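Asks: Contents of data02.pdb (PDB, C-alpha atoms and all ligand atoms):
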ATOM      1  CA  MET A1126      61.270  88.459 228.133  1.00  0.00           C
ATOM      2  CA  GLU A1127      57.615  87.577 228.269  1.00  0.00           C
ATOM      3  CA  ARG A1128      56.082  91.022 227.732  1.00  0.00           C
ATOM      4  CA  CYS A1129      58.685  92.514 225.395  1.00  0.00           C
ATOM      5  CA  ILE A1130      56.988  93.211 222.039  1.00  0.00           C
ATOM      6  CA  PHE A1131      60.125  92.452 220.043  1.00  0.00           C
ATOM      7  CA  CYS A1132      60.575  89.142 221.897  1.00  0.00           C
ATOM      8  CA  MET A1133      56.939  88.409 221.000  1.00  0.00           C
ATOM      9  CA  ILE A1134      57.727  89.073 217.329  1.00  0.00           C
ATOM     10  CA  ALA A1135      60.814  86.848 217.578  1.00  0.00           C
ATOM     11  CA  ARG A1136      58.660  84.070 219.061  1.00  0.00           C
ATOM     12  CA  GLY A1137      56.023  84.507 216.347  1.00  0.00           C
ATOM     13  CA  GLU A1138      53.379  85.618 218.850  1.00  0.00           C
ATOM     14  CA  LEU A1139      52.988  89.073 217.318  1.00  0.00           C
ATOM     15  CA  GLU A1140      52.607  89.621 213.596  1.00  0.00           C
ATOM     16  CA  ALA A1141      55.262  91.517 211.683  1.00  0.00           C
ATOM     17  CA  ARG A1142      56.189  92.029 208.041  1.00  0.00           C
ATOM     18  CA  LYS A1143      59.262  89.844 208.095  1.00  0.00           C
ATOM     19  CA  VAL A1144      62.128  90.731 205.768  1.00  0.00           C
ATOM     20  CA  LEU A1145      64.643  88.094 206.805  1.00  0.00           C
ATOM     21  CA  GLU A1146      65.342  85.639 209.577  1.00  0.00           C
ATOM     22  CA  ASN A1147      68.295  83.468 210.521  1.00  0.00           C
ATOM     23  CA  ASP A1148      69.502  81.740 213.692  1.00  0.00           C
ATOM     24  CA  ASP A1149      70.596  85.006 215.300  1.00  0.00           C
ATOM     25  CA  VAL A1150      68.318  87.806 214.111  1.00  0.00           C
ATOM     26  CA  ILE A1151      64.971  88.681 212.648  1.00  0.00           C
ATOM     27  CA  ALA A1152      64.278  91.719 210.462  1.00  0.00           C
ATOM     28  CA  PHE A1153      60.833  93.221 209.935  1.00  0.00           C
ATOM     29  CA  ASP A1154      59.374  96.450 208.607  1.00  0.00           C
ATOM     30  CA  ASP A1155      58.792  99.240 211.100  1.00  0.00           C
ATOM     31  CA  ILE A1156      55.116  99.653 211.949  1.00  0.00           C
ATOM     32  CA  ALA A1157      55.408 103.459 211.596  1.00  0.00           C
ATOM     33  CA  PRO A1158      57.948 103.952 208.807  1.00  0.00           C
ATOM     34  CA  GLN A1159      59.875 107.221 208.717  1.00  0.00           C
ATOM     35  CA  ALA A1160      61.449 106.527 205.320  1.00  0.00           C
ATOM     36  CA  PRO A1161      60.376 104.670 202.151  1.00  0.00           C
ATOM     37  CA  VAL A1162      62.439 101.753 203.490  1.00  0.00           C
ATOM     38  CA  HIS A1163      62.416 101.412 207.263  1.00  0.00           C
ATOM     39  CA  THR A1164      63.249  97.970 208.572  1.00  0.00           C
ATOM     40  CA  LEU A1165      64.205  96.921 212.081  1.00  0.00           C
ATOM     41  CA  ILE A1166      66.654  94.166 212.942  1.00  0.00           C
ATOM     42  CA  ILE A1167      66.633  92.550 216.363  1.00  0.00           C
ATOM     43  CA  PRO A1168      68.716  89.853 217.991  1.00  0.00           C
ATOM     44  CA  LYS A1169      66.484  86.897 218.842  1.00  0.00           C
ATOM     45  CA  VAL A1170      67.986  86.864 222.317  1.00  0.00           C
ATOM     46  CA  HIS A1171      66.757  89.722 224.498  1.00  0.00           C
ATOM     47  CA  TYR A1172      69.381  92.393 225.124  1.00  0.00           C
ATOM     48  CA  GLN A1173      68.083  95.710 226.366  1.00  0.00           C
ATOM     49  CA  SER A1174      70.718  97.834 224.711  1.00  0.00           C
ATOM     50  CA  MET A1175      74.312  98.170 223.522  1.00  0.00           C
ATOM     51  CA  GLU A1176      75.232  98.254 227.225  1.00  0.00           C
ATOM     52  CA  SER A1177      74.013  94.709 227.752  1.00  0.00           C
ATOM     53  CA  ASN A1178      77.350  93.073 226.982  1.00  0.00           C
ATOM     54  CA  LEU A1179      76.159  91.195 223.970  1.00  0.00           C
ATOM     55  CA  PRO A1180      78.780  89.028 222.317  1.00  0.00           C
ATOM     56  CA  LEU A1181      80.701  90.298 219.301  1.00  0.00           C
ATOM     57  CA  GLY A1182      79.051  87.600 217.202  1.00  0.00           C
ATOM     58  CA  SER A1183      75.630  89.093 217.922  1.00  0.00           C
ATOM     59  CA  LEU A1184      76.821  92.563 216.933  1.00  0.00           C
ATOM     60  CA  ALA A1185      78.263  91.129 213.738  1.00  0.00           C
ATOM     61  CA  ALA A1186      74.984  89.335 213.021  1.00  0.00           C
ATOM     62  CA  LEU A1187      73.059  92.619 213.321  1.00  0.00           C
ATOM     63  CA  PHE A1188      75.365  94.487 210.958  1.00  0.00           C
ATOM     64  CA  THR A1189      75.565  91.622 208.485  1.00  0.00           C
ATOM     65  CA  ALA A1190      71.772  91.516 208.456  1.00  0.00           C
ATOM     66  CA  ALA A1191      71.650  95.289 207.847  1.00  0.00           C
ATOM     67  CA  ARG A1192      73.620  94.746 204.663  1.00  0.00           C
ATOM     68  CA  GLU A1193      71.351  91.877 203.629  1.00  0.00           C
ATOM     69  CA  VAL A1194      68.230  93.954 204.291  1.00  0.00           C
ATOM     70  CA  ALA A1195      69.640  96.732 202.097  1.00  0.00           C
ATOM     71  CA  ARG A1196      70.137  94.232 199.291  1.00  0.00           C
ATOM     72  CA  ILE A1197      66.674  92.718 199.700  1.00  0.00           C
ATOM     73  CA  LYS A1198      65.100  96.189 199.720  1.00  0.00           C
ATOM     74  CA  ASP A1199      67.207  97.268 196.734  1.00  0.00           C
ATOM     75  CA  ILE A1200      68.846 100.232 198.464  1.00  0.00           C
ATOM     76  CA  ALA A1201      72.379  98.825 198.709  1.00  0.00           C
ATOM     77  CA  ASP A1202      73.609 100.929 195.798  1.00  0.00           C
ATOM     78  CA  SER A1203      71.660 104.127 196.471  1.00  0.00           C
ATOM     79  CA  GLY A1204      72.668 104.142 200.151  1.00  0.00           C
ATOM     80  CA  TYR A1205      71.038 103.799 203.520  1.00  0.00           C
ATOM     81  CA  ARG A1206      71.383 104.788 207.143  1.00  0.00           C
ATOM     82  CA  VAL A1207      71.920 102.297 209.991  1.00  0.00           C
ATOM     83  CA  ILE A1208      70.778 103.689 213.330  1.00  0.00           C
ATOM     84  CA  VAL A1209      70.619 102.462 216.913  1.00  0.00           C
ATOM     85  CA  ASN A1210      68.707 104.607 219.370  1.00  0.00           C
ATOM     86  CA  ASN A1211      70.416 103.568 222.573  1.00  0.00           C
ATOM     87  CA  GLY A1212      69.052 104.605 225.936  1.00  0.00           C
ATOM     88  CA  ARG A1213      67.097 107.558 227.269  1.00  0.00           C
ATOM     89  CA  ASP A1214      68.793 110.516 225.603  1.00  0.00           C
ATOM     90  CA  ALA A1215      68.601 108.778 222.238  1.00  0.00           C
ATOM     91  CA  ASN A1216      64.867 108.160 222.766  1.00  0.00           C
ATOM     92  CA  GLN A1217      65.014 104.374 222.694  1.00  0.00           C
ATOM     93  CA  THR A1218      61.340 103.496 223.050  1.00  0.00           C
ATOM     94  CA  VAL A1219      61.484  99.702 222.823  1.00  0.00           C
ATOM     95  CA  GLN A1220      63.823  98.218 225.401  1.00  0.00           C
ATOM     96  CA  HIS A1221      65.060  95.398 223.168  1.00  0.00           C
ATOM     97  CA  LEU A1222      68.162  96.351 221.188  1.00  0.00           C
ATOM     98  CA  HIS A1223      67.304  96.987 217.541  1.00  0.00           C
ATOM     99  CA  VAL A1224      68.913  98.432 214.451  1.00  0.00           C
ATOM    100  CA  HIS A1225      67.008 100.697 212.078  1.00  0.00           C
ATOM    101  CA  VAL A1226      67.829 100.408 208.367  1.00  0.00           C
ATOM    102  CA  MET A1227      66.454 103.445 206.554  1.00  0.00           C
ATOM    103  CA  GLY A1228      66.651 104.517 202.949  1.00  0.00           C
ATOM    104  CA  GLY A1229      64.889 104.848 199.633  1.00  0.00           C
ATOM    105  CA  LYS A1230      65.190 108.631 199.476  1.00  0.00           C
ATOM    106  CA  HIS A1231      68.025 111.139 199.697  1.00  0.00           C
ATOM    107  CA  MET A1232      68.518 112.283 203.322  1.00  0.00           C
ATOM    108  CA  SER A1233      69.857 115.490 204.787  1.00  0.00           C
ATOM    109  CA  HIS A1234      73.279 115.318 206.399  1.00  0.00           C
ATOM    110  CA  GLY A1235      72.297 116.095 209.988  1.00  0.00           C
ATOM    111  CA  MET A1236      71.794 113.112 212.257  1.00  0.00           C
ATOM    112  CA  VAL A1237      70.994 114.759 215.560  1.00  0.00           C
ATOM    113  CA  ASN A1238      67.771 116.571 216.391  1.00  0.00           C
ATOM    114  CA  PHE A1239      67.952 117.955 219.910  1.00  0.00           C
ATOM    115  CA  GLU A1240      64.678 118.712 221.634  1.00  0.00           C
ATOM    116  CA  ASP A1241      65.893 122.134 222.803  1.00  0.00           C
TER     117      ASP A1241
HETATM  118  P1  LIG B1301      63.256 103.262 218.935  1.00  0.00           P
HETATM  119  O1  LIG B1301      62.720 104.633 219.091  1.00  0.00           O
HETATM  120  O2  LIG B1301      64.639 103.228 218.353  1.00  0.00           O
HETATM  121  O3  LIG B1301      63.143 102.446 220.201  1.00  0.00           O
HETATM  122  O4  LIG B1301      62.357 102.564 217.830  1.00  0.00           O
HETATM  123  C1  LIG B1301      61.333 101.681 218.077  1.00  0.00           C
HETATM  124  C2  LIG B1301      60.668 101.442 216.757  1.00  0.00           C
HETATM  125  O5  LIG B1301      59.852 100.310 216.851  1.00  0.00           O
HETATM  126  C3  LIG B1301      59.786 102.617 216.294  1.00  0.00           C
HETATM  127  O6  LIG B1301      60.268 103.085 215.037  1.00  0.00           O
HETATM  128  C4  LIG B1301      58.399 101.975 216.193  1.00  0.00           C
HETATM  129  O7  LIG B1301      57.648 102.472 215.113  1.00  0.00           O
HETATM  130  C5  LIG B1301      58.745 100.489 216.025  1.00  0.00           C
HETATM  131  N1  LIG B1301      57.724  99.550 216.456  1.00  0.00           N
HETATM  132  C6  LIG B1301      57.063  99.534 217.641  1.00  0.00           C
HETATM  133  N2  LIG B1301      56.229  98.472 217.701  1.00  0.00           N
HETATM  134  C7  LIG B1301      56.379  97.803 216.534  1.00  0.00           C
HETATM  135  C8  LIG B1301      55.794  96.625 215.987  1.00  0.00           C
HETATM  136  N3  LIG B1301      54.872  95.912 216.662  1.00  0.00           N
HETATM  137  N4  LIG B1301      56.175  96.233 214.753  1.00  0.00           N
HETATM  138  C9  LIG B1301      57.088  96.943 214.059  1.00  0.00           C
HETATM  139  N5  LIG B1301      57.690  98.047 214.520  1.00  0.00           N
HETATM  140  C10 LIG B1301      57.333  98.489 215.738  1.00  0.00           C
END
Take the structure in the file and write it out as structure tokens.

Replies:
Amino acid sequence: MERCIFCMIARGELEARKVLENDDVIAFDDIAPQAPVHTLIIPKVHYQSMESNLPLGSLAALFTAAREVARIKDIADSGYRVIVNNGRDANQTVQHLHVHVMGGKHMSHGMVNFED
């Protein structure tokens, strides 16, 4: 996708603080971190969301990379959250499927913040 910012990062056209890269995915730090560690993982191929019928191998690559990111960022032992904001109600703002890996500080238990 020509104008997708995450595709641009995957193509190296937009700068990002890269954490890891392999044939399937690229991980980079979130530009507006909401936790001491906040890294995004994207498939290199453009899929809009979980509803885009991506192959199981791509899903596995995202979750395997989440574990690798946690190790690289030294939060594997202390714990971390893996989040996908999928679609409108979840407030997905970038329409290229991505996984958030967040950690580095103890979090509260609640995961859902409704707007009203
Ligand atoms: P979401 O709300 O799940 O769609 O999350 C999109 C995330 O992408 C947000 O946390 C943004 O801060 C992050 N983001 C947007 N543009 C960039 C960028 N150029 N580099 C790194 N992270 C970005």

Asks: Select the residues contacting ligand LIG 1301 (chain B) at a distance of at most 7 Å, based on only C-alpha atoms and all ligand atoms, then format the selection as an MDAnalysis selection string.

Replies: chainID A and resid 1130 1141 1153:1158 1209:1210 1216:1220 1223

Asks: Name the residues captured by the PyMOL selection byres (((chain A and resi 1166) around 12) and not hetatm) when it is applied to the shown file; answer as number ranges by chain.

Replies: A: 1131-1132, 1134-1135, 1141-1147, 1149-1155, 1163-1165, 1167-1170, 1183-1184, 1186-1195, 1207-1209, 1221-1227

Asks: For atom CA of A:Arg1136 and atom CA of A:Gln1173, quote the distance in Å rounded to one decimal.

Replies: 16.7 Å

Asks: Just give me the gap between atom CA of A:Gly1229 and atom CA of A:Arg1206 in Å, one decimal is fine.

Replies: 9.9 Å

Asks: For the atom pair atom CA of A:His1234 and atom CA of A:Val1162, what is the interatomic distance in Å to one decimal place?

Replies: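 Rounded to one decimal, the two atoms are 17.6 Å apart.
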